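Data from coords.txt: compact mmCIF, C-alpha atoms
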```txt
# COMPACT_ATOMS: atom_id res chain seq x y z
CA MET V 645 5.65 72.08 5.51
CA LEU V 646 2.75 70.10 6.92
CA SER V 647 -0.63 71.73 7.28
CA ILE V 648 -2.75 71.21 10.40
CA LYS V 649 -5.03 68.90 8.42
CA ARG V 650 -2.06 66.79 7.34
CA TRP V 651 -1.08 66.07 10.96
CA LYS V 652 -4.18 63.92 11.49
CA VAL V 653 -2.70 60.76 9.96
CA PRO V 654 0.69 61.06 11.72
CA LEU V 655 -1.13 61.63 15.02
CA LEU V 656 -3.33 58.63 14.36
CA GLY V 657 -0.22 56.55 13.54
CA ALA V 658 1.39 57.69 16.78
CA PHE V 659 -1.72 56.85 18.79
CA LEU V 660 -2.14 53.39 17.20
CA THR V 661 1.54 52.54 17.69
CA LEU V 662 1.27 53.63 21.32
CA LEU V 663 -1.76 51.38 21.79
CA VAL V 664 0.11 48.41 20.32
CA GLY V 665 3.12 49.13 22.55
CA GLY V 666 0.80 49.39 25.54
CA LEU V 667 -0.64 45.99 24.74
CA SER V 668 2.87 44.55 24.73
CA SER V 669 3.52 46.09 28.15
CA LEU V 670 0.29 44.66 29.53
CA LEU V 671 1.24 41.18 28.36
CA ALA V 672 4.64 41.38 30.04
CA PHE V 673 3.57 43.39 33.11
CA PRO V 674 3.12 40.45 35.51
CA ALA V 675 6.78 39.48 35.03
CA LEU V 676 8.22 43.01 35.26
CA GLN V 677 8.76 42.74 39.02
CA GLN V 678 11.53 40.18 38.53
CA PHE V 679 13.52 42.78 36.55
CA ASN V 680 14.26 44.64 39.80
CA HIS V 681 15.98 41.53 41.15
CA LEU V 682 18.27 40.95 38.18
CA LEU V 683 21.92 41.92 37.99
CA LYS V 684 22.24 44.68 35.39
CA PRO V 685 25.16 46.05 33.38
CA PRO V 686 26.65 49.49 34.06
CA ALA V 687 24.61 52.48 32.81
CA SER V 688 21.30 50.67 33.29
CA PRO V 689 18.58 53.26 33.74
CA PRO V 690 16.13 52.99 36.63
CA ALA V 691 13.07 50.84 35.91
CA PHE V 692 10.64 53.79 36.08
CA LEU V 693 12.34 55.36 33.05
CA PHE V 694 11.52 52.55 30.62
CA PRO V 695 7.77 53.23 30.20
CA ILE V 696 8.47 56.94 29.77
CA VAL V 697 11.08 56.34 27.08
CA TRP V 698 9.00 53.72 25.27
CA THR V 699 5.94 55.98 25.26
CA PHE V 700 7.97 58.78 23.68
CA LEU V 701 9.56 56.41 21.14
CA TYR V 702 6.25 54.82 20.14
CA LEU V 703 4.80 58.27 19.55
CA LEU V 704 7.80 59.21 17.38
CA ILE V 705 7.83 56.10 15.23
CA GLY V 706 4.06 56.05 14.87
CA GLY V 707 4.15 59.66 13.72
CA ALA V 708 6.97 58.79 11.32
CA ALA V 709 4.88 55.97 9.83
CA GLY V 710 1.91 58.32 9.53
CA LEU V 711 4.05 60.79 7.59
CA ILE V 712 5.18 58.00 5.26
CA PHE V 713 1.56 57.00 4.73
CA GLU V 714 0.78 60.61 3.84
CA GLU V 715 3.62 60.71 1.29
CA ASN V 716 2.01 57.81 -0.62
CA SER V 717 4.83 57.08 -3.04
CA SER V 718 6.24 53.90 -4.56
CA TYR V 719 8.31 53.04 -1.47
CA CYS V 720 5.34 53.62 0.81
CA SER V 721 3.82 50.19 0.61
CA PHE V 722 7.05 48.26 1.28
CA SER V 723 8.37 50.64 3.95
CA LEU V 724 5.09 50.57 5.87
CA ARG V 725 4.86 46.79 5.67
CA LEU V 726 8.42 46.56 7.00
CA TYR V 727 7.47 49.05 9.72
CA LEU V 728 4.62 46.77 10.78
CA VAL V 729 6.88 43.69 10.76
CA GLN V 730 9.49 45.40 12.96
CA LEU V 731 6.71 46.63 15.26
CA ILE V 732 5.45 43.05 15.69
CA VAL V 733 9.00 41.88 16.42
CA ASN V 734 9.31 44.73 18.93
CA ILE V 735 6.07 43.79 20.65
CA LEU V 736 7.13 40.18 21.10
CA TRP V 737 10.52 40.99 22.65
CA PRO V 738 9.17 41.69 26.18
CA LEU V 739 7.56 38.26 26.21
CA TRP V 740 10.91 36.58 25.55
CA PHE V 741 12.73 38.76 28.05
CA PHE V 742 10.28 39.41 30.90
CA THR V 743 7.59 36.74 30.70
CA PHE V 744 9.73 33.73 29.82
CA GLY V 745 13.12 34.96 31.09
CA PHE V 746 14.83 33.72 27.91
CA TYR V 747 17.52 36.40 27.94
CA LEU V 748 19.67 34.96 25.15
CA VAL V 749 16.66 34.33 22.91
CA ALA V 750 15.49 37.86 23.68
CA PHE V 751 18.92 39.22 22.70
CA LEU V 752 18.89 37.31 19.40
CA TRP V 753 15.33 38.53 18.81
CA LEU V 754 16.54 42.05 19.50
CA LEU V 755 19.25 41.65 16.85
CA ILE V 756 16.52 40.83 14.34
CA LEU V 757 14.60 43.90 15.52
CA TRP V 758 17.77 46.02 15.19
CA ILE V 759 18.24 44.94 11.57
CA LEU V 760 14.58 45.50 10.70
CA ALA V 761 14.54 48.89 12.43
CA PHE V 762 17.72 49.94 10.63
CA ILE V 763 16.31 49.05 7.22
CA THR V 764 13.00 50.73 8.08
CA MET V 765 14.83 53.86 9.19
CA ILE V 766 16.82 53.98 5.94
CA LEU V 767 13.65 53.54 3.88
CA PHE V 768 11.92 56.24 5.91
CA PHE V 769 14.84 58.60 5.28
CA ARG V 770 14.53 57.94 1.54
CA GLU V 771 10.76 58.36 1.59
CA TYR V 772 10.42 61.42 3.81
CA PHE V 773 13.51 62.76 5.59
CA ILE V 774 11.64 63.90 8.71
CA SER V 775 10.27 60.38 9.18
CA GLY V 776 13.80 59.04 9.12
CA LEU V 777 14.86 61.59 11.73
CA LEU V 778 11.91 60.63 13.94
CA PHE V 779 13.07 57.01 13.74
CA VAL V 780 16.66 57.69 14.89
CA PRO V 781 15.98 57.84 18.68
CA TYR V 782 14.10 54.53 18.45
CA PHE V 783 16.99 52.90 16.60
CA LEU V 784 19.50 54.24 19.14
CA TRP V 785 17.37 52.98 22.04
CA ILE V 786 17.16 49.52 20.47
CA THR V 787 20.95 49.56 20.22
CA PHE V 788 21.19 50.49 23.91
CA ALA V 789 18.54 47.86 24.76
CA GLY V 790 20.74 45.29 23.04
CA TYR V 791 23.61 46.22 25.34
CA LEU V 792 21.32 45.97 28.38
CA ASN V 793 19.78 42.68 27.26
CA PHE V 794 23.17 41.11 26.55
CA GLY V 795 24.49 42.37 29.89
CA VAL V 796 21.53 40.91 31.78
CA TRP V 797 22.08 37.58 30.02
CA LEU V 798 25.78 37.55 30.89
CA LEU V 799 25.33 38.62 34.50
CA ASN V 800 22.38 36.33 35.29
CA ASN V 801 23.30 33.22 33.38
```

Rewrite the structure of this file - the entire thing - as structure tokens.
Amino acid sequence: MLSIKRWKVPLLGAFLTLLVGGLSSLLAFPALQQFNHLLKPPASPPAFLFPIVWTFLYLLIGGAAGLIFEENSSYCSFSLRLYLVQLIVNILWPLWFFTFGFYLVAFLWLLILWILAFITMILFFREYFISGLLFVPYFLWITFAGYLNFGVWLLNN
């Protein structure tokens, strides 16, 4: 069980990941208005839900990374580097999708993110089971985002 003192690093990880995700949103924000005018596939959530979901997910995965950092074992270095790589890939996706409107490129980029997130999640499960569990909603959302991205590409191409 984690002590109160041990929650400092996971909370810091969550906060830093949220800041990075916020930066990504700021970069894509000017182009977000066009999203309302796109044809979307069935089961597309309302636009206001996306920032809420992403905030929650960034907090979860940042906390998961913080827990891995706290574990400090042999997998730690590689799993955290992979975490950072997938986070960078995640941050660049909104630029492809929203800013440039390259929906197919964004979908292919999302496939790369999906693979990286899957491997990261597996490594997190091996390193510290709770971290793996915290990563599951993020992985599922990326899967759903792939469906949405592909649907937007098909319907607006």

* To do: Name all residues at most 12 Å from Leu671 in chain V (count only C-alpha atoms; drop same-chain ones fewer than 3 positions away) and give them as a PyMOL selection string.
  => chain V and resi 664-668+674-676+735-744

* Could you tell me how far CA of Leu655 in chain V lies from CA of Leu755 in chain V, in Å and to one decimal? => 28.6 Å

* Place a sphere of radius 12 Å on (12.2, 59.7, 1.3) in the file coordinates and name every protein, DNA or RNA residue with an atom inside or on its surface, counting only C-alpha atoms; give the answer as a PyMOL selection string. => chain V and resi 708-709+711-720+723+764-777

* Asked: Within 12 Å of His681 in chain V, counting all atoms listed in the file, which residues qualify if same-chain residues fewer than 3 places away don't, as a PyMOL selection string?
  -> chain V and resi 675-678+684+691+742+796+799-800

* What does the distance from CA of Phe783 in chain V to CA of Leu726 in chain V come to in Å, to one decimal? ->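 CA of Phe783 in chain V sits 14.3 Å away from CA of Leu726 in chain V.
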
* To do: Tell me, in Å to one decimal, how far CA of Ile756 in chain V is from CA of Val729 in chain V.
  =>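 Answer for the CA of Ile756 in chain V to CA of Val729 in chain V separation: 10.7 Å.
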
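Between Ile705 in chain V and the candidates V:Leu778, V:Leu728, V:Leu760, V:Leu752, the tightest atom-to-atom separation, counting all atoms listed in the file, involves V:Leu778.
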
* Find the residue from V:Leu757, V:Leu748, V:Val733, V:Ala658 that sits nearest to Leu798 in chain V; use all atoms listed in the file when measuring. =>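 Of V:Leu757, V:Leu748, V:Val733, V:Ala658, the one nearest Leu798 in chain V is V:Leu748, counting all atoms listed in the file.
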
Can you tell me, as a compact mmCIF listing (two decimals) with C-alpha atoms, keeping the file's coordinate frame, what residues are no more than 8 Å from Leu792 in chain V when counting all atoms listed in the file, ignoring any on the same chain fewer than 2 positions away?
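Produced file result-v3.txt, reproduced below:
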```
# COMPACT_ATOMS: atom_id res chain seq x y z
CA LYS V 684 22.24 44.68 35.39
CA PRO V 685 25.16 46.05 33.38
CA SER V 688 21.30 50.67 33.29
CA PHE V 788 21.19 50.49 23.91
CA ALA V 789 18.54 47.86 24.76
CA GLY V 790 20.74 45.29 23.04
CA PHE V 794 23.17 41.11 26.55
CA GLY V 795 24.49 42.37 29.89
CA VAL V 796 21.53 40.91 31.78
```

* To do: Would you please work out which residue, of V:Tyr727, V:Phe700, V:Trp797, V:Trp785, is nearest to Gly745 in chain V when using only C-alpha atoms?
  => V:Trp797

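Nearest to Thr787 in chain V of all the residues V:Phe659, V:Tyr702, V:Phe694, V:Phe751 is V:Phe751, counting only C-alpha atoms.
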